[in-house]
file coords-v5.cif (mmCIF, C-alpha atoms)
data_final
loop_
_atom_site.label_atom_id
_atom_site.label_comp_id
_atom_site.auth_asym_id
_atom_site.auth_seq_id
_atom_site.Cartn_x
_atom_site.Cartn_y
_atom_site.Cartn_z
CA MET A 1230 2.65 -29.15 -43.78
CA ALA A 1231 3.50 -32.45 -42.12
CA ALA A 1232 5.10 -35.02 -44.42
CA MET A 1233 3.02 -38.07 -45.27
CA VAL A 1234 4.40 -41.30 -43.86
CA ARG A 1235 4.50 -43.93 -46.51
CA ARG A 1236 6.70 -46.72 -47.71
CA ARG A 1237 8.14 -46.19 -51.13
CA PRO A 1238 8.57 -49.35 -53.18
CA SER A 1239 12.08 -49.92 -54.43
CA PRO A 1240 12.13 -49.12 -58.14
CA ALA A 1241 13.25 -51.63 -60.69
CA VAL A 1242 16.88 -51.32 -61.63
CA THR A 1243 17.34 -49.52 -64.91
CA THR A 1244 18.73 -51.78 -67.59
CA MET A 1245 22.18 -50.67 -68.67
CA PRO A 1246 23.40 -50.88 -72.25
CA VAL A 1247 25.40 -54.04 -72.98
CA VAL A 1248 28.53 -52.07 -73.85
CA LEU A 1249 28.36 -50.19 -70.56
CA VAL A 1250 27.96 -53.39 -68.56
CA VAL A 1251 31.05 -54.86 -70.17
CA VAL A 1252 33.08 -51.75 -69.41
CA VAL A 1253 32.15 -51.44 -65.76
CA PHE A 1254 32.62 -55.10 -64.90
CA VAL A 1255 36.24 -55.18 -66.01
CA GLY A 1256 38.71 -55.30 -63.14
CA VAL A 1257 36.13 -55.58 -60.34
CA VAL A 1258 37.06 -57.74 -57.41
CA VAL A 1259 34.11 -60.02 -56.67
CA GLY A 1260 33.40 -60.94 -53.07
CA GLY A 1261 32.59 -59.46 -49.71
CA ALA A 1262 35.92 -57.71 -49.09
CA SER A 1263 35.73 -54.38 -47.31
CA ALA A 1264 38.03 -51.42 -47.57
CA SER A 1265 40.39 -50.87 -44.65
CA ALA A 1266 39.35 -48.54 -41.86
CA GLY A 1267 40.72 -45.03 -41.82
CA PRO A 1268 40.00 -41.47 -42.90
CA LEU A 1269 38.46 -40.55 -46.22
CA LYS A 1270 40.85 -40.68 -49.13
CA ALA A 1271 40.88 -40.59 -52.90
CA HIS A 1272 40.52 -43.91 -54.76
CA TYR A 1273 39.53 -45.67 -51.53
CA TYR A 1274 38.16 -48.69 -53.43
CA ARG A 1275 41.18 -49.14 -55.70
CA HIS A 1276 42.08 -52.57 -54.32
CA VAL A 1277 38.69 -53.94 -53.22
CA CYS A 1278 36.41 -52.73 -56.01
CA PRO A 1279 38.62 -51.06 -58.63
CA ALA A 1280 35.80 -50.14 -61.00
CA ALA A 1281 33.57 -48.59 -58.33
CA GLU A 1282 34.07 -44.99 -59.46
CA ALA A 1283 33.73 -45.93 -63.13
CA VAL A 1284 30.47 -47.76 -62.44
CA VAL A 1285 28.93 -44.68 -60.83
CA ARG A 1286 30.34 -42.32 -63.46
CA ASP A 1287 29.03 -44.36 -66.40
CA ILE A 1288 25.55 -44.69 -64.93
CA VAL A 1289 25.32 -41.02 -63.92
CA THR A 1290 26.70 -39.83 -67.26
CA ALA A 1291 24.14 -41.84 -69.19
CA ARG A 1292 21.30 -40.54 -67.06
CA VAL A 1293 22.45 -36.91 -67.13
CA ALA A 1294 22.82 -37.09 -70.91
CA ALA A 1295 19.10 -37.86 -71.03
CA ASP A 1296 18.18 -35.09 -68.55
CA PRO A 1297 20.99 -32.50 -68.51
CA ALA A 1298 18.81 -29.61 -67.37
CA ALA A 1299 17.37 -31.13 -64.19
CA LEU A 1300 19.35 -34.15 -62.95
CA PRO A 1301 22.64 -32.44 -61.95
CA ALA A 1302 20.76 -30.11 -59.61
CA LYS A 1303 18.80 -33.00 -58.13
CA LEU A 1304 21.87 -35.10 -57.36
CA LEU A 1305 23.84 -32.18 -55.95
CA ARG A 1306 20.90 -31.20 -53.73
CA LEU A 1307 20.55 -34.82 -52.59
CA PHE A 1308 24.19 -34.76 -51.45
CA PHE A 1309 23.73 -31.45 -49.64
CA HIS A 1310 20.57 -32.57 -47.84
CA ASP A 1311 22.24 -35.83 -46.84
CA CYS A 1312 25.30 -34.16 -45.34
CA PHE A 1313 23.32 -31.60 -43.32
CA VAL A 1314 21.42 -34.26 -41.36
CA ARG A 1315 23.59 -36.70 -39.35
CA GLY A 1316 26.46 -36.05 -41.73
CA CYS A 1317 27.15 -37.61 -45.13
CA ASP A 1318 25.82 -41.06 -44.28
CA ALA A 1319 23.10 -41.69 -46.91
CA SER A 1320 20.42 -41.49 -44.21
CA VAL A 1321 18.36 -39.40 -46.66
CA LEU A 1322 17.93 -42.49 -48.85
CA ILE A 1323 16.20 -44.65 -46.23
CA ASP A 1324 12.48 -45.26 -46.71
CA THR A 1325 10.01 -44.85 -43.87
CA VAL A 1326 9.01 -48.25 -42.51
CA ALA A 1327 5.33 -48.87 -43.17
CA GLY A 1328 3.19 -48.51 -40.05
CA SER A 1329 5.98 -46.96 -37.99
CA GLY A 1330 4.05 -43.77 -37.23
CA ALA A 1331 4.77 -40.10 -37.85
CA ALA A 1332 7.41 -39.86 -35.11
CA ALA A 1333 9.50 -42.48 -36.89
CA ALA A 1334 9.14 -41.04 -40.39
CA ALA A 1335 12.41 -41.06 -42.34
CA GLU A 1336 14.29 -37.97 -43.53
CA LYS A 1337 13.02 -38.19 -47.09
CA ASP A 1338 9.47 -37.73 -45.80
CA ALA A 1339 10.26 -34.39 -44.15
CA ALA A 1340 8.66 -31.47 -45.97
CA PRO A 1341 11.99 -29.91 -47.08
CA ASN A 1342 12.92 -33.20 -48.75
CA GLY A 1343 9.64 -33.69 -50.54
CA SER A 1344 11.01 -32.39 -53.83
CA LEU A 1345 14.31 -34.29 -53.75
CA GLY A 1346 15.07 -36.50 -56.73
CA GLY A 1347 17.72 -38.76 -58.21
CA TYR A 1348 17.02 -41.71 -55.89
CA ASP A 1349 16.61 -44.05 -58.84
CA VAL A 1350 20.09 -43.18 -60.11
CA ILE A 1351 21.60 -44.14 -56.76
CA ASP A 1352 19.54 -47.36 -56.73
CA THR A 1353 20.84 -48.35 -60.15
CA ALA A 1354 24.48 -47.74 -59.24
CA LYS A 1355 24.10 -49.61 -55.97
CA ALA A 1356 22.47 -52.62 -57.64
CA VAL A 1357 25.33 -52.96 -60.13
CA LEU A 1358 27.99 -52.59 -57.45
CA GLU A 1359 26.29 -55.13 -55.19
CA ALA A 1360 26.24 -57.59 -58.08
CA VAL A 1361 29.97 -57.36 -58.71
CA CYS A 1362 31.51 -56.52 -55.31
CA PRO A 1363 28.83 -57.03 -52.67
CA GLY A 1364 29.03 -55.30 -49.33
CA VAL A 1365 31.92 -53.05 -50.33
CA VAL A 1366 30.77 -49.67 -51.67
CA SER A 1367 28.63 -47.54 -49.39
CA CYS A 1368 25.51 -45.70 -50.44
CA ALA A 1369 27.02 -42.57 -48.89
CA ASP A 1370 29.99 -42.75 -51.25
CA ILE A 1371 27.70 -43.35 -54.22
CA VAL A 1372 25.76 -40.17 -53.38
CA ALA A 1373 29.00 -38.19 -53.15
CA LEU A 1374 30.31 -39.54 -56.45
CA ALA A 1375 26.99 -39.08 -58.24
CA ALA A 1376 26.82 -35.41 -57.25
CA ARG A 1377 30.34 -34.78 -58.58
CA ASP A 1378 29.78 -36.72 -61.79
CA ALA A 1379 26.44 -35.07 -62.54
CA VAL A 1380 27.73 -31.51 -62.08
CA SER A 1381 30.93 -32.31 -64.00
CA TYR A 1382 29.07 -33.65 -67.04
CA GLN A 1383 28.84 -30.30 -68.82
CA PHE A 1384 32.60 -29.76 -68.48
CA GLY A 1385 33.76 -33.15 -69.72
CA ARG A 1386 36.10 -33.46 -66.74
CA ASP A 1387 35.89 -33.91 -62.98
CA LEU A 1388 35.39 -30.59 -61.20
CA TRP A 1389 36.65 -32.02 -57.92
CA ASP A 1390 38.06 -35.26 -56.60
CA VAL A 1391 35.85 -37.19 -54.20
CA GLN A 1392 37.43 -38.58 -51.07
CA LEU A 1393 35.86 -41.91 -50.22
CA GLY A 1394 35.49 -44.34 -47.34
CA ARG A 1395 32.16 -43.23 -45.86
CA ARG A 1396 29.91 -45.81 -44.26
CA ASP A 1397 26.14 -45.76 -44.13
CA GLY A 1398 24.07 -44.60 -41.19
CA VAL A 1399 21.35 -46.69 -39.59
CA VAL A 1400 19.08 -43.89 -38.34
CA SER A 1401 16.88 -41.60 -40.43
CA LEU A 1402 14.32 -39.23 -38.89
CA ALA A 1403 12.20 -36.59 -40.57
CA SER A 1404 12.29 -34.54 -37.36
CA GLU A 1405 16.06 -34.21 -37.66
CA ALA A 1406 15.77 -33.03 -41.26
CA LEU A 1407 13.37 -30.31 -40.16
CA ALA A 1408 15.77 -29.24 -37.42
CA ASN A 1409 18.98 -29.26 -39.46
CA LEU A 1410 18.27 -28.26 -43.07
CA PRO A 1411 18.65 -24.56 -43.88
CA ALA A 1412 15.35 -22.99 -44.89
CA PRO A 1413 14.87 -20.70 -47.92
CA SER A 1414 13.47 -18.08 -45.55
CA ASP A 1415 16.48 -18.08 -43.20
CA ASN A 1416 18.27 -14.81 -42.43
CA PHE A 1417 22.05 -14.57 -42.38
CA THR A 1418 22.44 -15.08 -38.64
CA THR A 1419 20.47 -18.32 -38.79
CA LEU A 1420 22.37 -19.53 -41.84
CA GLU A 1421 25.75 -18.78 -40.30
CA SER A 1422 24.80 -20.62 -37.11
CA ASN A 1423 23.53 -23.63 -39.01
CA PHE A 1424 26.65 -23.94 -41.14
CA ALA A 1425 28.91 -23.40 -38.13
CA GLY A 1426 27.21 -26.33 -36.44
CA LYS A 1427 28.42 -28.48 -39.33
CA GLY A 1428 31.98 -27.17 -39.13
CA LEU A 1429 31.47 -24.87 -42.13
CA ASP A 1430 32.31 -21.17 -42.08
CA VAL A 1431 30.96 -18.06 -43.79
CA LYS A 1432 33.10 -18.65 -46.85
CA ASP A 1433 31.71 -22.17 -47.21
CA LEU A 1434 28.18 -20.82 -46.76
CA VAL A 1435 28.54 -18.33 -49.57
CA ILE A 1436 30.34 -20.66 -51.97
CA LEU A 1437 27.95 -23.58 -51.44
CA SER A 1438 25.01 -21.23 -51.97
CA GLY A 1439 26.40 -20.96 -55.49
CA ALA A 1440 24.92 -24.42 -56.09
CA HIS A 1441 21.70 -22.47 -56.71
CA THR A 1442 23.12 -21.71 -60.13
CA ILE A 1443 21.29 -24.85 -61.29
CA GLY A 1444 17.83 -26.13 -60.50
CA VAL A 1445 14.44 -24.65 -59.72
CA GLY A 1446 12.53 -23.33 -56.72
CA HIS A 1447 8.82 -23.71 -56.06
CA CYS A 1448 6.79 -20.56 -55.63
CA ASN A 1449 5.60 -21.36 -52.11
CA LEU A 1450 9.22 -21.25 -50.91
CA PHE A 1451 9.67 -17.58 -51.82
CA GLY A 1452 6.09 -16.37 -52.39
CA ALA A 1453 6.10 -14.36 -49.17
CA ARG A 1454 8.67 -12.07 -50.77
CA LEU A 1455 6.31 -11.21 -53.63
CA PHE A 1456 2.87 -10.58 -52.19
CA ASN A 1457 1.96 -8.21 -49.36
CA PHE A 1458 5.52 -8.25 -48.03
CA THR A 1459 5.04 -4.99 -46.10
CA GLY A 1460 1.50 -5.70 -44.95
CA ALA A 1461 0.01 -2.99 -47.15
CA ALA A 1462 -3.27 -3.53 -48.98
CA ALA A 1463 -1.63 -3.32 -52.42
CA PRO A 1464 0.79 -6.05 -53.58
CA SER A 1465 4.24 -5.27 -52.28
CA ALA A 1466 7.52 -7.13 -52.76
CA ASP A 1467 10.62 -7.54 -50.66
CA PRO A 1468 12.57 -4.32 -51.40
CA SER A 1469 15.79 -6.32 -51.72
CA LEU A 1470 14.32 -7.91 -54.87
CA ASN A 1471 14.86 -6.28 -58.24
CA ALA A 1472 11.44 -4.73 -59.03
CA ALA A 1473 11.23 -6.10 -62.57
CA TYR A 1474 12.30 -9.54 -61.39
CA ALA A 1475 9.69 -9.47 -58.62
CA ALA A 1476 7.00 -8.60 -61.16
CA GLN A 1477 8.07 -11.53 -63.36
CA LEU A 1478 7.91 -13.89 -60.40
CA ARG A 1479 4.47 -12.63 -59.34
CA ALA A 1480 3.18 -13.24 -62.85
CA ALA A 1481 4.65 -16.74 -62.92
CA CYS A 1482 3.46 -17.77 -59.46
CA GLY A 1483 0.07 -16.10 -59.19
CA SER A 1484 -0.14 -16.61 -55.44
CA PRO A 1485 2.33 -16.99 -52.55
CA SER A 1486 1.12 -20.51 -51.72
CA ASN A 1487 1.51 -21.98 -55.21
CA ASN A 1488 3.48 -25.20 -54.71
CA ALA A 1489 2.93 -26.51 -58.23
CA THR A 1490 4.89 -23.93 -60.19
CA ALA A 1491 8.68 -23.83 -60.15
CA VAL A 1492 11.00 -21.22 -61.62
CA PRO A 1493 14.76 -21.26 -62.30
CA MET A 1494 16.93 -20.29 -59.34
CA ASP A 1495 19.44 -18.65 -61.68
CA PRO A 1496 17.45 -16.81 -64.38
CA GLY A 1497 19.42 -16.39 -67.57
CA SER A 1498 21.62 -19.44 -66.95
CA PRO A 1499 19.41 -22.06 -65.27
CA ALA A 1500 21.10 -25.22 -66.56
CA ARG A 1501 24.76 -24.17 -66.51
CA PHE A 1502 26.89 -24.66 -63.42
CA ASP A 1503 28.59 -21.28 -63.42
CA ALA A 1504 29.15 -18.03 -61.51
CA HIS A 1505 26.02 -16.41 -62.92
CA TYR A 1506 24.16 -16.97 -59.63
CA PHE A 1507 26.44 -14.43 -57.97
CA VAL A 1508 25.99 -11.95 -60.82
CA ASN A 1509 22.22 -12.23 -60.39
CA LEU A 1510 22.53 -11.90 -56.64
CA LYS A 1511 24.29 -8.54 -56.95
CA LEU A 1512 21.47 -7.38 -59.25
CA GLY A 1513 18.78 -8.22 -56.69
CA ARG A 1514 17.77 -11.39 -58.49
CA GLY A 1515 18.37 -13.90 -55.71
CA LEU A 1516 15.27 -16.11 -55.59
CA PHE A 1517 15.12 -17.00 -51.90
CA ALA A 1518 15.36 -14.81 -48.83
CA SER A 1519 18.36 -16.95 -47.87
CA ASP A 1520 20.04 -15.91 -51.13
CA ALA A 1521 19.44 -12.20 -50.52
CA ALA A 1522 20.68 -12.66 -46.94
CA LEU A 1523 24.22 -13.14 -48.26
CA LEU A 1524 24.30 -9.43 -49.11
CA ALA A 1525 23.21 -8.44 -45.59
CA ASP A 1526 26.57 -9.38 -44.08
CA ARG A 1527 29.72 -7.46 -44.93
CA ARG A 1528 31.94 -10.55 -45.04
CA ALA A 1529 29.54 -12.53 -47.20
CA ALA A 1530 28.87 -9.62 -49.56
CA ALA A 1531 32.59 -9.21 -50.21
CA LEU A 1532 32.82 -12.91 -51.08
CA VAL A 1533 29.84 -12.63 -53.44
CA HIS A 1534 31.66 -9.93 -55.40
CA GLY A 1535 34.75 -12.11 -55.93
CA LEU A 1536 32.76 -15.19 -56.82
CA THR A 1537 31.30 -13.56 -59.93
CA ASP A 1538 34.52 -14.71 -61.60
CA GLN A 1539 33.88 -18.14 -63.12
CA ASP A 1540 37.33 -19.65 -62.65
CA TYR A 1541 37.53 -18.46 -59.06
CA PHE A 1542 34.07 -19.84 -58.27
CA LEU A 1543 34.88 -23.28 -59.66
CA ARG A 1544 38.17 -23.44 -57.72
CA GLU A 1545 36.52 -22.40 -54.48
CA PHE A 1546 33.48 -24.62 -54.94
CA LYS A 1547 35.81 -27.60 -55.28
CA ASN A 1548 37.26 -26.88 -51.84
CA ALA A 1549 33.93 -26.12 -50.16
CA VAL A 1550 32.08 -29.17 -51.47
CA ARG A 1551 34.94 -31.46 -50.45
CA LYS A 1552 34.83 -29.94 -46.97
CA MET A 1553 31.06 -30.45 -46.82
CA GLY A 1554 31.57 -34.05 -47.93
CA ARG A 1555 33.52 -34.72 -44.72
CA VAL A 1556 30.77 -33.50 -42.38
CA GLY A 1557 29.87 -36.14 -39.78
CA VAL A 1558 31.12 -39.07 -41.82
CA LEU A 1559 31.10 -42.59 -40.43
CA THR A 1560 34.29 -44.58 -41.06
CA GLY A 1561 36.00 -47.76 -39.92
CA ASP A 1562 33.55 -49.94 -38.00
CA GLN A 1563 30.91 -47.23 -37.63
CA GLY A 1564 27.57 -47.67 -39.35
CA GLU A 1565 27.33 -50.30 -42.06
CA ILE A 1566 27.50 -50.89 -45.80
CA ARG A 1567 23.85 -51.13 -46.80
CA LYS A 1568 22.85 -53.83 -49.29
CA ASN A 1569 19.88 -51.73 -50.34
CA CYS A 1570 20.25 -47.97 -50.02
CA ARG A 1571 16.57 -47.63 -49.07
CA ALA A 1572 16.71 -49.86 -45.98
CA VAL A 1573 18.98 -50.58 -43.06
CA ASN A 1574 20.43 -54.08 -43.28
CA GLY A 1575 18.14 -56.66 -41.74
CA LYS A 1576 15.06 -54.42 -41.98
#

call {"tool": "encode", "arguments": {"input": "coords-v5.cif", "output": "structure tokens"}}
result
Amino acid sequence: MAAMVRRRPSPAVTTMPVVLVVVVFVGVVVGGASASAGPLKAHYYRHVCPAAEAVVRDIVTARVAADPAALPAKLLRLFFHDCFVRGCDASVLIDTVAGSGAAAAAEKDAAPNGSLGGYDVIDTAKAVLEAVCPGVVSCADIVALAARDAVSYQFGRDLWDVQLGRRDGVVSLASEALANLPAPSDNFTTLESNFAGKGLDVKDLVILSGAHTIGVGHCNLFGARLFNFTGAAAPSADPSLNAAYAAQLRAACGSPSNNATAVPMDPGSPARFDAHYFVNLKLGRGLFASDAALLADRRAAALVHGLTDQDYFLREFKNAVRKMGRVGVLTGDQGEIRKNCRAVNGK
């Protein structure tokens, strides 16, 4: 279904507790200084906006504490969807310009992005950073930090370090999101090709699929696997699905086109970022066809087996998500530092 073209109003900035405001303002360099050009690196803003990472962390932590079951998945998915279209340039945050027409619709209005969330968290962090060190911290870096901080919340420590120095893109097209985002119905060949186009290999594909250990999926995205899969008159499910699991999903969804009902992507551990997704996958409890596809390739299936170990999964996810975070980044004089993450400067 074509995405509706509409202009989203910028939400009001969430008021931060007084104590938090005091903490994050300490040590910030005020002014329009910009970080030096160069490749991504850790603590990129150390000299030009020293509290940048703390600002994002404090805001994300407060918000995740209020919504620990849903927000980490939303912010991680936002990062993934950003990086897979034009690279990690925050183009997914740009609003469609009112009256621009369907051909000029922005990424966030593409059907696969219709259920994205967490925009308000990014807006809040950006507003605070613009108030204390304007024109310095990119929206793209805020998205990358927010994803890390949200997922790390349950552990009480950073799961990976975020290399910074991205700049923001100035183009956002729904048509490019449709062309570049992996689909839940993709087979392994299509998935491998898509990831390879981003400089990511089979190992990255399998490990990053482990992000499905948190979050939910809407029934219409996998309903074809549950009802009349073989074309027979009686209800028939994808044979790669565990039969009992398929029956549970049919009961929950009711019909293959139900886009109102969502179910956990990792049944049994839906809110914990852990290796349980891979355990479920081996038991035929992968929700999407793209999940089950990982077992259709010998290389990927071998990786799935090893990733059932929690410590190994966390170590490998750290490497894969950092690699993804470098896809197509703009640095130096490329792009811009948006003042408002929802609009290109001057628009």

call {"tool": "closest_residue", "arguments": {"input": "coords-v5.cif", "among": "A:Val1293, A:Ala1572, A:Ala1334, A:Val1431", "to": "A:Ala1500", "atoms": "all atoms listed in the file"}}
result
A:Val1293

call {"tool": "resolve_selection", "arguments": {"input": "coords-v5.cif", "expression": "the PyMOL selection byres ((chain A and resi 1506) around 10)", "output": "count of residues only"}}
result
30

call {"tool": "axis_aligned_box", "arguments": {"input": "coords-v5.cif", "around": "stretch 1311-1318 of chain A", "padding_each_side": "4 Å", "output": "lines of an AutoDock Vina configuration file"}}
result
center_x = 24.3
center_y = -36.3
center_z = -43.1
size_x = 13.7
size_y = 17.5
size_z = 15.5

call {"tool": "resolve_selection", "arguments": {"input": "coords-v5.cif", "expression": "the PyMOL selection byres ((chain A and resi 1323-1330) around 8)", "output": "list in words"}}
result
Val1234, Arg1235, Arg1236, Arg1237, Ala1319, Ser1320, Val1321, Leu1322, Ala1331, Ala1332, Ala1333, Ala1334, Ala1335, Glu1336, Lys1337, Asp1338, Ser1401, Cys1570, Arg1571, Ala1572 and Val1573 of chain A

call {"tool": "write_last_selection", "arguments": {"input": "coords-v5.cif", "atoms": "C-alpha atoms", "output": "PDB file, in the coordinates of the input"}}
result
ATOM      1  CA  VAL A1234       4.400 -41.300 -43.860  1.00  0.00           C
ATOM      2  CA  ARG A1235       4.500 -43.930 -46.510  1.00  0.00           C
ATOM      3  CA  ARG A1236       6.700 -46.720 -47.710  1.00  0.00           C
ATOM      4  CA  ARG A1237       8.140 -46.190 -51.130  1.00  0.00           C
ATOM      5  CA  ALA A1319      23.100 -41.690 -46.910  1.00  0.00           C
ATOM      6  CA  SER A1320      20.420 -41.490 -44.210  1.00  0.00           C
ATOM      7  CA  VAL A1321      18.360 -39.400 -46.660  1.00  0.00           C
ATOM      8  CA  LEU A1322      17.930 -42.490 -48.850  1.00  0.00           C
ATOM      9  CA  ALA A1331       4.770 -40.100 -37.850  1.00  0.00           C
ATOM     10  CA  ALA A1332       7.410 -39.860 -35.110  1.00  0.00           C
ATOM     11  CA  ALA A1333       9.500 -42.480 -36.890  1.00  0.00           C
ATOM     12  CA  ALA A1334       9.140 -41.040 -40.390  1.00  0.00           C
ATOM     13  CA  ALA A1335      12.410 -41.060 -42.340  1.00  0.00           C
ATOM     14  CA  GLU A1336      14.290 -37.970 -43.530  1.00  0.00           C
ATOM     15  CA  LYS A1337      13.020 -38.190 -47.090  1.00  0.00           C
ATOM     16  CA  ASP A1338       9.470 -37.730 -45.800  1.00  0.00           C
ATOM     17  CA  SER A1401      16.880 -41.600 -40.430  1.00  0.00           C
ATOM     18  CA  CYS A1570      20.250 -47.970 -50.020  1.00  0.00           C
ATOM     19  CA  ARG A1571      16.570 -47.630 -49.070  1.00  0.00           C
ATOM     20  CA  ALA A1572      16.710 -49.860 -45.980  1.00  0.00           C
ATOM     21  CA  VAL A1573      18.980 -50.580 -43.060  1.00  0.00           C
TER      22      VAL A1573
END

call {"tool": "closest_residue", "arguments": {"input": "coords-v5.cif", "among": "A:Leu1478, A:Phe1308, A:Ala1291, A:Cys1362", "to": "A:Pro1279", "atoms": "all atoms listed in the file"}}
result
A:Cys1362

call {"tool": "resolve_selection", "arguments": {"input": "coords-v5.cif", "expression": "the PyMOL selection byres ((chain A and resi 1371-1388) around 9)", "output": "mmCIF file with C-alpha atoms, in the coordinates of the input"}}
result
data_model
loop_
_atom_site.group_PDB
_atom_site.id
_atom_site.type_symbol
_atom_site.label_atom_id
_atom_site.label_comp_id
_atom_site.auth_asym_id
_atom_site.auth_seq_id
_atom_site.Cartn_x
_atom_site.Cartn_y
_atom_site.Cartn_z
ATOM 1 C CA ALA A 1281 33.570 -48.590 -58.330
ATOM 2 C CA GLU A 1282 34.070 -44.990 -59.460
ATOM 3 C CA VAL A 1285 28.930 -44.680 -60.830
ATOM 4 C CA ARG A 1286 30.340 -42.320 -63.460
ATOM 5 C CA ASP A 1287 29.030 -44.360 -66.400
ATOM 6 C CA ILE A 1288 25.550 -44.690 -64.930
ATOM 7 C CA VAL A 1289 25.320 -41.020 -63.920
ATOM 8 C CA THR A 1290 26.700 -39.830 -67.260
ATOM 9 C CA ARG A 1292 21.300 -40.540 -67.060
ATOM 10 C CA VAL A 1293 22.450 -36.910 -67.130
ATOM 11 C CA ALA A 1294 22.820 -37.090 -70.910
ATOM 12 C CA PRO A 1297 20.990 -32.500 -68.510
ATOM 13 C CA LEU A 1300 19.350 -34.150 -62.950
ATOM 14 C CA PRO A 1301 22.640 -32.440 -61.950
ATOM 15 C CA ALA A 1302 20.760 -30.110 -59.610
ATOM 16 C CA LYS A 1303 18.800 -33.000 -58.130
ATOM 17 C CA LEU A 1304 21.870 -35.100 -57.360
ATOM 18 C CA LEU A 1305 23.840 -32.180 -55.950
ATOM 19 C CA ARG A 1306 20.900 -31.200 -53.730
ATOM 20 C CA LEU A 1307 20.550 -34.820 -52.590
ATOM 21 C CA PHE A 1308 24.190 -34.760 -51.450
ATOM 22 C CA ASP A 1311 22.240 -35.830 -46.840
ATOM 23 C CA CYS A 1317 27.150 -37.610 -45.130
ATOM 24 C CA ALA A 1319 23.100 -41.690 -46.910
ATOM 25 C CA VAL A 1350 20.090 -43.180 -60.110
ATOM 26 C CA ILE A 1351 21.600 -44.140 -56.760
ATOM 27 C CA ALA A 1354 24.480 -47.740 -59.240
ATOM 28 C CA LYS A 1355 24.100 -49.610 -55.970
ATOM 29 C CA VAL A 1366 30.770 -49.670 -51.670
ATOM 30 C CA SER A 1367 28.630 -47.540 -49.390
ATOM 31 C CA CYS A 1368 25.510 -45.700 -50.440
ATOM 32 C CA ALA A 1369 27.020 -42.570 -48.890
ATOM 33 C CA ASP A 1370 29.990 -42.750 -51.250
ATOM 34 C CA TRP A 1389 36.650 -32.020 -57.920
ATOM 35 C CA ASP A 1390 38.060 -35.260 -56.600
ATOM 36 C CA VAL A 1391 35.850 -37.190 -54.200
ATOM 37 C CA GLN A 1392 37.430 -38.580 -51.070
ATOM 38 C CA LEU A 1393 35.860 -41.910 -50.220
ATOM 39 C CA ARG A 1501 24.760 -24.170 -66.510
ATOM 40 C CA PHE A 1502 26.890 -24.660 -63.420
ATOM 41 C CA LEU A 1543 34.880 -23.280 -59.660
ATOM 42 C CA ARG A 1544 38.170 -23.440 -57.720
ATOM 43 C CA PHE A 1546 33.480 -24.620 -54.940
ATOM 44 C CA LYS A 1547 35.810 -27.600 -55.280
ATOM 45 C CA GLY A 1554 31.570 -34.050 -47.930
#

call {"tool": "atom_distance", "arguments": {"input": "coords-v5.cif", "atom1": "atom CA of A:Asn1409", "atom2": "atom CA of A:Asp1430"}}
result
15.8 Å

call {"tool": "atom_distance", "arguments": {"input": "coords-v5.cif", "atom1": "atom CA of A:Asp1433", "atom2": "atom CA of A:Leu1523"}}
result
11.8 Å

call {"tool": "atom_distance", "arguments": {"input": "coords-v5.cif", "atom1": "atom CA of A:Leu1524", "atom2": "atom CA of A:Leu1450"}}
result
19.2 Å

call {"tool": "residues_near_point", "arguments": {"input": "coords-v5.cif", "point": "(27.7, -9.8, -44.1)", "cutoff": "12 Å", "atoms": "all atoms listed in the file", "output": "ChimeraX atom specification"}}
result
/A:1416-1418,1420-1421,1431-1432,1434-1435,1521-1534

call {"tool": "closest_residue", "arguments": {"input": "coords-v5.cif", "among": "A:Val1400, A:Ile1436, A:Cys1482, A:Leu1269", "to": "A:Thr1560", "atoms": "all atoms listed in the file"}}
result
A:Leu1269

call {"tool": "closest_residue", "arguments": {"input": "coords-v5.cif", "among": "A:Arg1395, A:His1447, A:Lys1270, A:Arg1315", "to": "A:Pro1341", "atoms": "only C-alpha atoms"}}
result
A:His1447

call {"tool": "closest_residue", "arguments": {"input": "coords-v5.cif", "among": "A:Gly1343, A:Gly1564, A:Pro1485, A:Gly1535", "to": "A:Gly1398", "atoms": "all atoms listed in the file"}}
result
A:Gly1564

call {"tool": "closest_residue", "arguments": {"input": "coords-v5.cif", "among": "A:His1310, A:Ser1344, A:Val1399, A:Ala1299", "to": "A:Gln1563", "atoms": "only C-alpha atoms"}}
result
A:Val1399

call {"tool": "residues_near_point", "arguments": {"input": "coords-v5.cif", "point": "(30.2, -33.3, -46.8)", "cutoff": "10 Å", "atoms": "only C-alpha atoms", "output": "ChimeraX atom specification"}}
result
/A:1308-1313,1316-1318,1373,1392,1427-1429,1549-1558

call {"tool": "write_last_selection", "arguments": {"input": "coords-v5.cif", "atoms": "C-alpha atoms", "output": "short mmCIF file (atom, residue, chain, number, x, y, z; two decimals), in the frame of the given file"}}
result
data_model
loop_
_atom_site.label_atom_id
_atom_site.label_comp_id
_atom_site.auth_asym_id
_atom_site.auth_seq_id
_atom_site.Cartn_x
_atom_site.Cartn_y
_atom_site.Cartn_z
CA PHE A 1308 24.19 -34.76 -51.45
CA PHE A 1309 23.73 -31.45 -49.64
CA HIS A 1310 20.57 -32.57 -47.84
CA ASP A 1311 22.24 -35.83 -46.84
CA CYS A 1312 25.30 -34.16 -45.34
CA PHE A 1313 23.32 -31.60 -43.32
CA GLY A 1316 26.46 -36.05 -41.73
CA CYS A 1317 27.15 -37.61 -45.13
CA ASP A 1318 25.82 -41.06 -44.28
CA ALA A 1373 29.00 -38.19 -53.15
CA GLN A 1392 37.43 -38.58 -51.07
CA LYS A 1427 28.42 -28.48 -39.33
CA GLY A 1428 31.98 -27.17 -39.13
CA LEU A 1429 31.47 -24.87 -42.13
CA ALA A 1549 33.93 -26.12 -50.16
CA VAL A 1550 32.08 -29.17 -51.47
CA ARG A 1551 34.94 -31.46 -50.45
CA LYS A 1552 34.83 -29.94 -46.97
CA MET A 1553 31.06 -30.45 -46.82
CA GLY A 1554 31.57 -34.05 -47.93
CA ARG A 1555 33.52 -34.72 -44.72
CA VAL A 1556 30.77 -33.50 -42.38
CA GLY A 1557 29.87 -36.14 -39.78
CA VAL A 1558 31.12 -39.07 -41.82
#
